[in-house]
file my_file.csv (CSV, C-alpha atoms and all ligand atoms)
chain,number,residue,atom,x,y,z
G,1,MET,CA,-36.1,-3.9,-13.6
G,2,GLU,CA,-39.8,-3.0,-13.2
G,3,ARG,CA,-40.5,-6.0,-11.0
G,4,GLY,CA,-38.2,-7.1,-8.3
G,5,VAL,CA,-36.6,-10.6,-8.2
G,6,GLU,CA,-37.0,-12.9,-5.2
G,7,GLU,CA,-34.1,-13.1,-2.7
G,8,GLU,CA,-33.3,-16.8,-3.4
G,9,ARG,CA,-32.6,-16.2,-7.1
G,10,ILE,CA,-30.5,-13.2,-6.3
G,11,LEU,CA,-28.4,-15.1,-3.8
G,12,GLU,CA,-27.8,-17.8,-6.4
G,13,GLU,CA,-26.7,-15.1,-8.9
G,14,LEU,CA,-24.4,-13.7,-6.2
G,15,GLU,CA,-22.9,-17.1,-5.5
G,16,ASP,CA,-22.4,-17.7,-9.2
G,17,ALA,CA,-20.5,-14.4,-9.5
G,18,ALA,CA,-18.4,-15.1,-6.3
G,19,ARG,CA,-17.4,-18.5,-7.7
G,20,ARG,CA,-16.1,-16.9,-10.9
G,21,ASN,CA,-13.6,-14.8,-8.8
G,22,ILE,CA,-10.1,-16.2,-8.7
G,23,PRO,CA,-9.3,-17.8,-5.3
G,24,TYR,CA,-6.5,-16.1,-3.5
G,25,GLY,CA,-4.5,-19.3,-3.4
G,26,ARG,CA,-3.8,-18.9,-7.1
G,27,VAL,CA,-2.9,-15.2,-6.9
G,28,LEU,CA,0.8,-14.1,-6.6
G,29,SER,CA,0.2,-10.7,-8.1
G,30,SER,CA,-1.9,-9.0,-5.5
G,31,MET,CA,-0.9,-6.8,-2.5
G,32,CYS,CA,-4.2,-7.6,-0.8
G,33,THR,CA,-5.1,-10.9,0.9
G,34,VAL,CA,-7.9,-12.7,2.7
G,35,PRO,CA,-8.8,-10.4,5.6
G,36,HIS,CA,-8.5,-11.8,9.2
G,37,PRO,CA,-11.9,-13.3,10.3
G,38,ILE,CA,-12.2,-10.7,13.1
G,39,ALA,CA,-11.9,-7.9,10.5
G,40,LEU,CA,-14.8,-9.5,8.5
G,41,LYS,CA,-17.0,-9.6,11.6
G,42,ALA,CA,-16.3,-6.0,12.5
G,43,CYS,CA,-16.9,-4.9,8.9
G,44,LYS,CA,-20.3,-6.6,8.8
G,45,ARG,CA,-21.3,-5.0,12.1
G,46,PHE,CA,-20.3,-1.4,11.0
G,47,ILE,CA,-21.2,-1.5,7.3
G,48,VAL,CA,-24.1,0.9,7.8
G,49,SER,CA,-22.1,3.6,9.5
G,50,ASN,CA,-20.9,6.7,7.7
G,51,LEU,CA,-17.7,8.4,8.9
G,52,GLY,CA,-18.4,11.3,6.5
G,53,ASP,CA,-20.8,12.5,9.2
G,54,PRO,CA,-19.0,11.4,12.4
G,55,LYS,CA,-21.2,13.1,15.0
G,56,LEU,CA,-24.0,10.8,13.9
G,57,PHE,CA,-21.7,7.8,14.5
G,58,PRO,CA,-19.6,8.8,17.6
G,59,GLY,CA,-18.9,5.1,18.4
G,60,THR,CA,-17.4,4.5,15.0
G,61,ALA,CA,-15.5,7.8,15.1
G,62,SER,CA,-13.9,6.7,18.4
G,63,LEU,CA,-12.7,3.5,16.6
G,64,GLU,CA,-11.2,5.6,13.9
G,65,ARG,CA,-9.3,7.7,16.4
G,66,ALA,CA,-8.1,4.5,18.1
G,67,CYS,CA,-6.9,3.2,14.8
G,68,ILE,CA,-4.9,6.4,14.2
G,69,GLY,CA,-3.5,6.0,17.7
G,70,MET,CA,-2.3,2.5,17.0
G,71,LEU,CA,-1.0,3.3,13.6
G,72,GLY,CA,0.9,6.3,15.1
G,73,GLU,CA,2.4,4.1,17.8
G,74,LEU,CA,3.5,1.7,15.1
G,75,LEU,CA,5.1,4.6,13.2
G,76,HIS,CA,6.9,6.0,16.3
G,77,LEU,CA,4.5,8.9,16.9
G,78,PRO,CA,1.6,8.0,19.1
G,79,SER,CA,0.3,11.6,18.9
G,80,ALA,CA,0.0,11.5,15.1
G,81,SER,CA,-3.1,12.9,13.5
G,82,GLY,CA,-4.9,11.4,10.5
G,83,TYR,CA,-7.8,9.4,9.2
G,84,ILE,CA,-8.7,6.1,7.7
G,85,THR,CA,-8.7,6.5,3.9
G,86,THR,CA,-9.8,4.1,1.1
G,87,GLY,CA,-6.2,3.1,0.5
G,88,GLY,CA,-2.8,4.2,-0.7
G,89,THR,CA,-4.1,6.2,-3.6
G,90,GLU,CA,-6.3,8.4,-1.5
G,91,SER,CA,-3.6,8.8,1.1
G,92,ASN,CA,-1.0,9.8,-1.5
G,93,ILE,CA,-3.4,12.3,-3.3
G,94,GLN,CA,-4.3,13.8,0.1
G,95,ALA,CA,-0.7,14.1,1.2
G,96,LEU,CA,0.3,16.0,-2.0
G,97,ARG,CA,-2.8,18.1,-1.7
G,98,THR,CA,-1.7,19.0,1.9
G,99,ALA,CA,1.7,20.0,0.7
G,100,ARG,CA,0.2,22.2,-2.0
G,101,GLN,CA,-2.2,23.9,0.4
G,102,LEU,CA,0.6,24.5,3.0
G,103,LYS,CA,2.8,26.2,0.4
G,104,LYS,CA,-0.1,28.1,-1.1
G,105,ALA,CA,1.7,27.1,-4.3
G,106,ASP,CA,0.8,28.4,-7.8
G,107,PRO,CA,-0.5,25.2,-9.3
G,108,GLY,CA,0.8,26.0,-12.8
G,109,ARG,CA,4.4,26.1,-11.5
G,110,ALA,CA,4.6,23.8,-8.5
G,111,ASN,CA,6.5,20.5,-8.7
G,112,ILE,CA,7.1,17.5,-6.6
G,113,VAL,CA,10.3,15.5,-6.5
G,114,LEU,CA,9.8,11.7,-6.2
G,115,PRO,CA,11.5,8.4,-7.1
G,116,GLU,CA,11.0,6.9,-10.5
G,117,SER,CA,9.6,3.9,-8.7
G,118,ALA,CA,6.8,5.8,-7.0
G,119,HIS,CA,3.3,4.3,-7.5
G,120,TYR,CA,1.1,5.6,-10.3
G,121,SER,CA,-1.3,7.1,-7.8
G,122,PHE,CA,1.1,10.1,-7.7
G,123,ASP,CA,0.4,10.6,-11.4
G,124,LYS,CA,-3.4,10.8,-10.6
G,125,ALA,CA,-2.6,13.3,-7.8
G,126,ALA,CA,-0.5,15.4,-10.1
G,127,GLN,CA,-3.3,15.5,-12.7
G,128,MET,CA,-5.8,16.5,-10.1
G,129,LEU,CA,-3.7,19.1,-8.4
G,130,GLY,CA,-2.1,20.6,-11.5
G,131,VAL,CA,1.4,20.0,-10.2
G,132,THR,CA,4.4,18.6,-12.2
G,133,LEU,CA,6.1,15.4,-11.1
G,134,ARG,CA,9.9,15.3,-11.3
G,135,ARG,CA,11.0,11.6,-11.1
G,136,ALA,CA,14.5,10.9,-9.9
G,137,PRO,CA,16.4,7.9,-11.2
G,138,LEU,CA,17.2,4.8,-9.2
G,139,ASP,CA,20.5,3.2,-8.3
G,140,ASP,CA,21.5,-0.4,-9.1
G,141,GLU,CA,19.5,-1.7,-6.2
G,142,LEU,CA,16.4,0.2,-7.4
G,143,LYS,CA,16.5,2.7,-4.5
G,144,VAL,CA,16.1,6.3,-5.4
G,145,ASN,CA,19.3,8.3,-6.0
G,146,VAL,CA,19.2,11.1,-3.4
G,147,ASP,CA,21.8,13.3,-5.2
G,148,ALA,CA,19.5,13.2,-8.3
G,149,MET,CA,16.6,14.2,-6.0
G,150,ARG,CA,18.6,17.1,-4.7
G,151,GLU,CA,19.4,18.3,-8.2
G,152,LEU,CA,15.7,18.2,-9.2
G,153,ILE,CA,14.7,20.6,-6.4
G,154,ASP,CA,14.1,24.2,-7.3
G,155,ARG,CA,12.2,27.2,-5.9
G,156,ASP,CA,8.9,25.7,-7.2
G,157,THR,CA,9.3,22.4,-5.4
G,158,ILE,CA,6.6,21.9,-2.8
G,159,ALA,CA,7.3,18.4,-1.5
G,160,LEU,CA,9.4,15.3,-1.7
G,161,VAL,CA,8.2,11.7,-1.7
G,162,ALA,CA,10.0,8.6,-0.6
G,163,VAL,CA,8.8,5.0,-0.8
G,164,ALA,CA,9.0,2.3,1.9
G,165,GLY,CA,8.3,-0.8,-0.1
G,166,THR,CA,8.1,-0.1,-3.8
G,167,THR,CA,5.1,-1.6,-5.6
G,168,GLU,CA,7.2,-3.5,-8.2
G,169,PHE,CA,10.3,-4.6,-6.4
G,170,GLY,CA,9.5,-4.1,-2.7
G,171,GLN,CA,12.6,-1.9,-2.2
G,172,VAL,CA,13.0,0.7,0.5
G,173,ASP,CA,14.4,4.1,-0.4
G,174,PRO,CA,17.2,5.7,1.7
G,175,ILE,CA,14.6,7.6,3.7
G,176,GLU,CA,16.9,8.7,6.5
G,177,GLU,CA,19.0,10.6,3.9
G,178,ILE,CA,15.9,12.0,2.2
G,179,SER,CA,14.6,13.2,5.6
G,180,GLY,CA,17.8,15.2,6.0
G,181,LEU,CA,17.4,16.6,2.5
G,182,ALA,CA,13.8,17.7,3.3
G,183,GLN,CA,15.0,19.4,6.4
G,184,ASP,CA,17.9,21.1,4.7
G,185,GLU,CA,15.5,22.4,2.0
G,186,GLY,CA,12.6,23.1,4.3
G,187,LEU,CA,10.3,20.8,2.3
G,188,PHE,CA,7.3,18.6,3.2
G,189,LEU,CA,8.3,14.9,3.0
G,190,HIS,CA,5.6,12.3,2.4
G,191,VAL,CA,6.5,8.6,2.8
G,192,ASP,CA,4.5,6.1,0.9
G,193,ALA,CA,4.6,3.0,3.1
G,194,ALA,CA,1.3,1.7,1.8
G,195,PHE,CA,2.8,-1.7,1.4
G,196,GLY,CA,5.9,-1.6,3.7
G,197,GLY,CA,4.2,0.0,6.6
G,198,PHE,CA,2.8,-3.3,7.9
G,199,VAL,CA,6.0,-5.2,7.0
G,200,ILE,CA,9.1,-3.3,8.0
G,201,PRO,CA,8.2,-2.8,11.7
G,202,PHE,CA,7.9,-6.6,12.0
G,203,LEU,CA,11.1,-7.7,10.2
G,204,GLU,CA,13.8,-9.3,12.3
G,205,ASP,CA,15.9,-6.1,12.2
G,206,PRO,CA,13.5,-3.2,11.5
G,207,SER,CA,16.3,-0.7,12.3
G,208,ARG,CA,17.9,-1.4,8.9
G,209,TYR,CA,15.0,0.4,7.2
G,210,ARG,CA,14.1,3.6,9.2
G,211,PHE,CA,11.2,5.1,7.3
G,212,ASP,CA,8.7,6.7,9.6
G,213,PHE,CA,8.1,9.6,12.1
G,214,GLU,CA,11.3,8.7,14.0
G,215,LEU,CA,13.0,10.6,11.2
G,216,PRO,CA,12.4,14.3,11.9
G,217,GLY,CA,11.9,15.3,8.2
G,218,VAL,CA,9.0,12.9,7.7
G,219,MET,CA,5.7,14.9,7.7
G,220,SER,CA,3.1,12.3,6.5
G,221,VAL,CA,2.9,8.6,6.0
G,222,ALA,CA,0.6,6.4,4.0
G,223,ILE,CA,0.1,2.9,5.4
G,224,ASP,CA,-2.5,0.5,4.2
G,225,PRO,CA,-4.3,-1.9,6.6
G,226,HIS,CA,-6.0,-3.5,3.6
G,227,LYS,CA,-2.6,-4.8,2.3
G,228,MET,CA,-0.3,-6.5,4.9
G,229,GLY,CA,-2.5,-5.2,7.8
G,230,MET,CA,-5.1,-8.0,7.2
G,231,SER,CA,-8.1,-5.6,7.3
G,232,THR,CA,-10.9,-5.4,4.8
G,233,ILE,CA,-11.0,-3.4,1.6
G,234,PRO,CA,-11.1,-0.4,1.5
G,235,SER,CA,-8.8,0.5,4.4
G,236,GLY,CA,-5.9,2.9,4.2
G,237,GLY,CA,-4.2,5.1,6.7
G,238,LEU,CA,-2.9,8.7,6.3
G,239,LEU,CA,-1.0,10.0,9.2
G,240,TYR,CA,0.5,13.4,9.9
G,241,ARG,CA,3.2,14.5,12.2
G,242,GLU,CA,1.3,17.8,12.9
G,243,GLU,CA,-2.4,18.2,13.3
G,244,GLY,CA,-2.1,21.6,11.7
G,245,HIS,CA,-1.0,20.0,8.5
G,246,MET,CA,-4.1,17.9,8.2
G,247,ARG,CA,-6.1,21.1,9.0
G,248,ALA,CA,-4.8,22.5,5.7
G,249,LEU,CA,-7.3,20.2,4.0
G,250,GLU,CA,-10.3,21.5,6.1
G,251,ILE,CA,-13.4,22.1,4.0
G,252,SER,CA,-16.6,23.6,5.4
G,253,ALA,CA,-19.4,21.1,5.2
G,254,GLN,CA,-22.3,23.0,6.8
G,255,TYR,CA,-25.1,20.5,6.2
G,256,LEU,CA,-23.3,17.9,8.2
G,257,THR,CA,-23.3,17.6,12.0
G,258,SER,CA,-19.5,18.0,12.2
G,259,GLN,CA,-19.4,21.1,9.9
G,260,VAL,CA,-15.9,20.4,8.5
G,261,GLN,CA,-14.3,17.6,6.6
G,262,PHE,CA,-10.7,16.6,5.8
G,263,SER,CA,-11.2,13.5,3.8
G,264,LEU,CA,-11.3,13.2,0.0
G,265,ALA,CA,-14.5,11.1,0.0
G,266,GLY,CA,-17.6,12.7,1.5
G,267,THR,CA,-19.7,9.7,2.6
G,268,ARG,CA,-17.2,7.0,3.7
G,269,SER,CA,-17.6,3.6,5.3
G,270,GLY,CA,-17.1,3.2,9.0
G,271,ALA,CA,-16.6,-0.5,8.4
G,272,SER,CA,-13.0,0.2,7.3
G,273,ALA,CA,-12.2,1.8,10.7
G,274,ALA,CA,-14.0,-0.9,12.6
G,275,ALA,CA,-12.3,-3.8,10.8
G,276,THR,CA,-8.9,-2.2,11.1
G,277,TYR,CA,-9.4,-1.5,14.8
G,278,ALA,CA,-10.5,-5.1,15.4
G,279,VAL,CA,-7.6,-6.8,13.6
G,280,MET,CA,-4.9,-4.5,15.0
G,281,ARG,CA,-6.2,-5.0,18.5
G,282,HIS,CA,-6.5,-8.7,18.1
G,283,LEU,CA,-3.2,-9.4,16.4
G,284,GLY,CA,-1.0,-7.0,18.3
G,285,ARG,CA,2.6,-6.6,17.3
G,286,GLU,CA,3.2,-10.2,18.2
G,287,GLY,CA,0.6,-11.4,15.7
G,288,TYR,CA,1.9,-9.2,12.9
G,289,ARG,CA,5.4,-10.3,13.6
G,290,ARG,CA,4.3,-14.0,13.2
G,291,ILE,CA,2.6,-13.2,9.9
G,292,VAL,CA,5.5,-11.2,8.5
G,293,SER,CA,8.0,-13.8,9.7
G,294,GLU,CA,6.0,-16.5,7.8
G,295,CYS,CA,5.8,-14.4,4.7
G,296,MET,CA,9.5,-13.7,4.7
G,297,ALA,CA,10.3,-17.5,5.2
G,298,ASN,CA,8.0,-18.2,2.2
G,299,THR,CA,9.7,-15.4,0.3
G,300,LYS,CA,13.1,-17.1,0.9
G,301,LEU,CA,11.6,-20.5,-0.2
G,302,LEU,CA,10.4,-19.1,-3.5
G,303,TYR,CA,13.6,-17.2,-4.0
G,304,ASP,CA,15.7,-20.3,-3.4
G,305,ARG,CA,13.6,-22.4,-5.6
G,306,LEU,CA,13.8,-20.0,-8.5
G,307,LYS,CA,17.5,-19.5,-8.1
G,308,ALA,CA,18.0,-23.3,-8.1
G,309,MET,CA,16.2,-23.3,-11.5
G,310,GLY,CA,19.1,-21.1,-12.8
G,311,LEU,CA,17.1,-17.9,-12.9
G,312,GLU,CA,18.5,-14.5,-12.0
G,313,PRO,CA,16.8,-12.3,-9.4
G,314,VAL,CA,16.5,-8.6,-10.0
G,315,ILE,CA,17.3,-7.8,-6.4
G,316,LYS,CA,17.6,-9.9,-3.3
G,317,PRO,CA,14.1,-9.6,-1.6
G,318,VAL,CA,14.0,-6.8,1.0
G,319,LEU,CA,10.3,-7.3,1.7
G,320,ASN,CA,7.9,-10.2,0.6
G,321,ILE,CA,8.2,-9.4,-3.1
G,322,VAL,CA,10.2,-11.6,-5.4
G,323,THR,CA,11.3,-10.6,-8.9
G,324,PHE,CA,13.2,-12.7,-11.4
G,325,LYS,CA,14.4,-12.1,-14.9
G,326,VAL,CA,12.9,-14.7,-17.3
G,327,PRO,CA,13.0,-14.7,-21.1
G,328,ASP,CA,9.9,-13.1,-22.5
G,329,ALA,CA,8.2,-12.4,-19.2
G,330,GLN,CA,4.9,-11.3,-20.7
G,331,ARG,CA,4.6,-14.6,-22.5
G,332,VAL,CA,5.4,-16.5,-19.3
G,333,ARG,CA,2.8,-14.5,-17.4
G,334,LYS,CA,0.2,-15.4,-20.0
G,335,ARG,CA,1.1,-19.1,-20.0
G,336,LEU,CA,0.8,-19.1,-16.2
G,337,CYS,CA,-2.5,-17.4,-16.5
G,338,ASP,CA,-3.7,-20.2,-18.8
G,339,MET,CA,-2.8,-22.6,-15.9
G,340,ASN,CA,-4.8,-20.4,-13.5
G,341,TRP,CA,-1.8,-18.8,-11.9
G,342,TYR,CA,-1.8,-15.0,-11.5
G,343,VAL,CA,1.5,-13.2,-11.4
G,344,SER,CA,2.6,-9.8,-12.8
G,345,THR,CA,5.5,-8.5,-14.7
G,346,THR,CA,7.7,-5.4,-14.1
G,347,SER,CA,8.8,-2.9,-16.7
G,348,ARG,CA,12.3,-1.7,-15.9
G,349,PRO,CA,13.9,-4.1,-15.9
G,350,GLU,CA,11.4,-6.6,-17.3
G,351,ALA,CA,10.9,-9.4,-14.8
G,352,LEU,CA,8.3,-11.8,-13.4
G,353,ARG,CA,6.9,-10.4,-10.1
G,354,MET,CA,5.4,-12.4,-7.2
G,355,VAL,CA,4.1,-11.0,-4.0
G,356,VAL,CA,4.3,-13.5,-1.1
G,357,MET,CA,1.2,-12.5,0.8
G,358,PRO,CA,-0.1,-14.5,3.8
G,359,HIS,CA,-2.3,-16.6,1.4
G,360,VAL,CA,0.9,-17.7,-0.6
G,361,THR,CA,1.7,-20.6,1.6
G,362,ARG,CA,4.5,-23.2,1.3
G,363,GLU,CA,2.1,-25.5,-0.5
G,364,VAL,CA,1.0,-22.8,-3.0
G,365,ILE,CA,4.7,-22.0,-3.7
G,366,GLU,CA,5.6,-25.7,-4.4
G,367,ALA,CA,2.7,-26.1,-6.7
G,368,TYR,CA,3.4,-22.8,-8.5
G,369,VAL,CA,7.1,-23.6,-8.9
G,370,ALA,CA,6.3,-27.0,-10.4
G,371,ASP,CA,4.0,-25.3,-13.0
G,372,LEU,CA,6.5,-22.5,-13.7
G,373,LYS,CA,9.1,-25.1,-14.5
G,374,LYS,CA,6.8,-26.6,-17.1
G,375,VAL,CA,6.1,-23.2,-18.6
G,376,LEU,CA,9.8,-22.3,-18.8
G,377,ASP,CA,10.6,-25.6,-20.4
G,378,VAL,CA,8.4,-24.8,-23.4
G,379,VAL,CA,8.8,-21.0,-23.7
R,401,LIG,C1,3.5,1.6,-2.7
R,401,LIG,C2,2.1,1.8,-3.0
R,401,LIG,N1,1.5,3.0,-2.9
R,401,LIG,C3,0.2,3.1,-3.2
R,401,LIG,C4,-0.6,2.1,-3.7
R,401,LIG,C5,-2.0,2.3,-4.0
R,401,LIG,O1,-2.8,1.7,-3.1
R,401,LIG,P1,-4.4,1.4,-3.3
R,401,LIG,O2,-4.4,0.5,-4.5
R,401,LIG,O3,-4.8,0.8,-2.1
R,401,LIG,O4,-5.0,2.7,-3.6
R,401,LIG,C6,0.0,0.9,-3.9
R,401,LIG,C7,-0.8,-0.2,-4.4
R,401,LIG,O5,-0.3,-1.3,-4.7
R,401,LIG,C8,1.4,0.7,-3.5
R,401,LIG,O6,2.0,-0.5,-3.7
call {"tool": "encode", "arguments": {"input": "my_file.csv", "output": "structure tokens"}}
result
Amino acid sequence: MERGVEEERILEELEDAARRNIPYGRVLSSMCTVPHPIALKACKRFIVSNLGDPKLFPGTASLERACIGMLGELLHLPSASGYITTGGTESNIQALRTARQLKKADPGRANIVLPESAHYSFDKAAQMLGVTLRRAPLDDELKVNVDAMRELIDRDTIALVAVAGTTEFGQVDPIEEISGLAQDEGLFLHVDAAFGGFVIPFLEDPSRYRFDFELPGVMSVAIDPHKMGMSTIPSGGLLYREEGHMRALEISAQYLTSQVQFSLAGTRSGASAAATYAVMRHLGREGYRRIVSECMANTKLLYDRLKAMGLEPVIKPVLNIVTFKVPDAQRVRKRLCDMNWYVSTTSRPEALRMVVMPHVTREVIEAYVADLKKVLDVV
């Protein structure tokens, strides 16, 4: 490390490392995808800007505000407040932190009621915030049981969580009912739409799954541009119905030009906002509708192929996630991995899980299904 190495050699090392990464075309386990080319261009142009100190980067800050405006419009509240986070994890942590600040809750006693299917980022949030999670069971279709949620609420409950697009099965909770429950109980409701936020609004009939600010009980929403939004990593969105709620996170940051901060990270990349701005402006609703419609057609193709093999689905796909019961799913997953296919497994019930992202094309599906047949013949 004493002497530097010439650029050419380093670039070769970087190339070598990049080549060892798994190409997206072999990955059916990820909720991220190849970003849109315009997002990559914007990311490169803004990689040096720091939104932790927005008054030094007013241009980048204006792009972030525009992103929140576009995301708010998508979620039926153009006036929503919020900021571009690093992803669903940060958004979920911050939403629960907001609820705790608003209730001025005693951290030793406070609890949050959420579905059993909620992402593990809520466990991180609970550890950090010193609150207890009360997980409500799911029904046969793997949606949360709202009566069970109601029973778990007590005087120390500070928030409810619902999921629009669960990580494992892509299911959408009955959020309209949960919104009513939140209103009845006077509780803050956070909706985790990290995955579903860029899918549900672009389905053929989005009104089947109402999940966002059009429901009066919903106070905050997590929605990730770096998943189905086609932006670069890391790009998440955290949106609030009321600006005052976000202000509950305000921390004094005197050495910075802006003096206050709401975000969890201090220094944070402006490239995320620029990339998200660029891709959302460029695709428009029409562009996203096209992408989602193709993903849903490919989801159906994969579903039909696996059913034709005599396999049993866990649920009929709601979003672009396909789950099927197979004997010894872990072993099947490992065998597929030996053939350079990357899928994941679910726990309850155990199943093979495949996410049909935009890079999972028809051709990818046909090649994957052919190899899966070989694996199942020998397992
Ligand atoms: C529903 C849901 N919420 C939150 C997250 C966490 O997102 P991230 O990995 O971007 O922090 C995920 C990730 O897959 C998710 O599926």
call {"tool": "residues_near_point", "arguments": {"input": "my_file.csv", "point": "(-0.2, 16.0, -1.6)", "cutoff": "10 Å", "atoms": "all atoms listed in the file", "output": "list in words"}}
result
Glu90, Ser91, Asn92, Ile93, Gln94, Ala95, Leu96, Arg97, Thr98, Ala99, Arg100, Gln101, Leu102, Ile112, Phe122, Ala125, Ala126, Leu129, Val131, Ile158, Ala159, Leu160, Val161, Phe188, Leu189, His190, Ser220 and Leu249 of chain G
call {"tool": "atom_distance", "arguments": {"input": "my_file.csv", "atom1": "CA of Pro358 in chain G", "atom2": "CA of Glu64 in chain G"}}
result
25.1 Å
call {"tool": "closest_residue", "arguments": {"input": "my_file.csv", "among": "G:Leu319, G:Met228, G:Met219, G:Ala370", "to": "Glu243 in chain G", "atoms": "all atoms listed in the file"}}
result
G:Met219
call {"tool": "atom_distance", "arguments": {"input": "my_file.csv", "atom1": "CA of Arg109 in chain G", "atom2": "atom O5 of ligand LIG 401 (chain R)"}}
result
28.6 Å
call {"tool": "residues_near_ligand", "arguments": {"input": "my_file.csv", "ligand": "ligand LIG 401 (chain R)", "cutoff": "9 Å", "atoms": "all atoms listed in the file", "output": "JSON, numbers by chain"}}
result
{"G": [30, 31, 32, 86, 87, 88, 89, 90, 91, 92, 117, 118, 119, 120, 121, 122, 163, 164, 165, 166, 167, 168, 170, 192, 193, 194, 195, 196, 222, 223, 224, 226, 227, 233, 234, 235, 236]}
call {"tool": "atom_distance", "arguments": {"input": "my_file.csv", "atom1": "CA of Asn111 in chain G", "atom2": "CA of Gly130 in chain G"}}
result
9.0 Å
call {"tool": "residues_near_point", "arguments": {"input": "my_file.csv", "point": "(15.8, -6.4, 10.5)", "cutoff": "12 Å", "atoms": "all atoms listed in the file", "output": "short mmCIF file (atom, residue, chain, number, x, y, z; two decimals) with C-alpha atoms, in the coordinates of the input"}}
result
data_model
loop_
_atom_site.label_atom_id
_atom_site.label_comp_id
_atom_site.auth_asym_id
_atom_site.auth_seq_id
_atom_site.Cartn_x
_atom_site.Cartn_y
_atom_site.Cartn_z
CA VAL G 199 6.00 -5.20 7.00
CA ILE G 200 9.10 -3.30 8.00
CA PRO G 201 8.20 -2.80 11.70
CA PHE G 202 7.90 -6.60 12.00
CA LEU G 203 11.10 -7.70 10.20
CA GLU G 204 13.80 -9.30 12.30
CA ASP G 205 15.90 -6.10 12.20
CA PRO G 206 13.50 -3.20 11.50
CA SER G 207 16.30 -0.70 12.30
CA ARG G 208 17.90 -1.40 8.90
CA TYR G 209 15.00 0.40 7.20
CA ARG G 210 14.10 3.60 9.20
CA ARG G 289 5.40 -10.30 13.60
CA VAL G 292 5.50 -11.20 8.50
CA SER G 293 8.00 -13.80 9.70
CA MET G 296 9.50 -13.70 4.70
CA VAL G 318 14.00 -6.80 1.00
CA LEU G 319 10.30 -7.30 1.70
#
call {"tool": "residues_around", "arguments": {"input": "my_file.csv", "residues": "Pro327 in chain G", "least_positions_apart": "2", "cutoff": "12 Å", "atoms": "all atoms listed in the file", "output": "ChimeraX atom specification"}}
result
/G:311-312,324-325,329-333,345,349-352,375-379
call {"tool": "write_last_selection", "arguments": {"input": "my_file.csv", "atoms": "C-alpha atoms", "output": "tab-separated table (two decimals), keeping the file's coordinate frame"}}
result
chain	number	residue	atom	x	y	z
G	311	LEU	CA	17.10	-17.90	-12.90
G	312	GLU	CA	18.50	-14.50	-12.00
G	324	PHE	CA	13.20	-12.70	-11.40
G	325	LYS	CA	14.40	-12.10	-14.90
G	329	ALA	CA	8.20	-12.40	-19.20
G	330	GLN	CA	4.90	-11.30	-20.70
G	331	ARG	CA	4.60	-14.60	-22.50
G	332	VAL	CA	5.40	-16.50	-19.30
G	333	ARG	CA	2.80	-14.50	-17.40
G	345	THR	CA	5.50	-8.50	-14.70
G	349	PRO	CA	13.90	-4.10	-15.90
G	350	GLU	CA	11.40	-6.60	-17.30
G	351	ALA	CA	10.90	-9.40	-14.80
G	352	LEU	CA	8.30	-11.80	-13.40
G	375	VAL	CA	6.10	-23.20	-18.60
G	376	LEU	CA	9.80	-22.30	-18.80
G	377	ASP	CA	10.60	-25.60	-20.40
G	378	VAL	CA	8.40	-24.80	-23.40
G	379	VAL	CA	8.80	-21.00	-23.70
call {"tool": "closest_residue", "arguments": {"input": "my_file.csv", "among": "G:Gly237, G:Pro115, G:Gly69, G:Gly52", "to": "Leu256 in chain G", "atoms": "all atoms listed in the file"}}
result
G:Gly52
call {"tool": "closest_residue", "arguments": {"input": "my_file.csv", "among": "G:Ile84, G:Asn145, G:Tyr303, G:Thr323", "to": "Ser272 in chain G", "atoms": "only C-alpha atoms"}}
result
G:Ile84
call {"tool": "residues_around", "arguments": {"input": "my_file.csv", "residues": "Asp184 in chain G", "least_positions_apart": "5", "cutoff": "12 Å", "atoms": "only C-alpha atoms", "output": "PyMOL selection string"}}
result
chain G and resi 150+153+177-179+189+216-217
call {"tool": "closest_residue", "arguments": {"input": "my_file.csv", "among": "G:Gly229, G:Gly186, G:Pro78, G:Pro313", "to": "Tyr288 in chain G", "atoms": "all atoms listed in the file"}}
result
G:Gly229
call {"tool": "residues_around", "arguments": {"input": "my_file.csv", "residues": "Trp341 in chain G", "least_positions_apart": "4", "cutoff": "8 Å", "atoms": "all atoms listed in the file", "output": "PyMOL selection string"}}
result
chain G and resi 26-28+336-337+368
call {"tool": "residues_around", "arguments": {"input": "my_file.csv", "residues": "Asp53 in chain G", "least_positions_apart": "3", "cutoff": "12 Å", "atoms": "all atoms listed in the file", "output": "PyMOL selection string"}}
result
chain G and resi 49-50+56-61+253-263+265-270
call {"tool": "closest_residue", "arguments": {"input": "my_file.csv", "among": "G:Ile22, G:Val221, G:Ala39, G:Ala271", "to": "Tyr342 in chain G", "atoms": "only C-alpha atoms"}}
result
G:Ile22
call {"tool": "closest_residue", "arguments": {"input": "my_file.csv", "among": "G:Leu187, G:Leu215, G:Met339, G:Leu239", "to": "Met70 in chain G", "atoms": "all atoms listed in the file"}}
result
G:Leu239
call {"tool": "decode", "arguments": {"input": "my_file.csv", "residues": "range 230-241 of chain G", "atoms": "C-alpha atoms", "output": "mmCIF file, in the first residue's frame"}}
result
data_model
loop_
_atom_site.group_PDB
_atom_site.id
_atom_site.type_symbol
_atom_site.label_atom_id
_atom_site.label_comp_id
_atom_site.auth_asym_id
_atom_site.auth_seq_id
_atom_site.Cartn_x
_atom_site.Cartn_y
_atom_site.Cartn_z
ATOM 1 C CA MET G 230 -35.393 0.905 -12.693
ATOM 2 C CA SER G 231 -33.123 3.379 -10.870
ATOM 3 C CA THR G 232 -29.601 2.794 -9.586
ATOM 4 C CA ILE G 233 -28.695 1.317 -6.193
ATOM 5 C CA PRO G 234 -29.122 2.814 -3.585
ATOM 6 C CA SER G 235 -32.460 4.539 -4.213
ATOM 7 C CA GLY G 236 -35.408 4.311 -1.870
ATOM 8 C CA GLY G 237 -38.298 6.653 -1.221
ATOM 9 C CA LEU G 238 -39.912 7.525 2.092
ATOM 10 C CA LEU G 239 -43.065 9.611 1.791
ATOM 11 C CA TYR G 240 -45.250 11.216 4.435
ATOM 12 C CA ARG G 241 -48.810 12.426 4.310
#
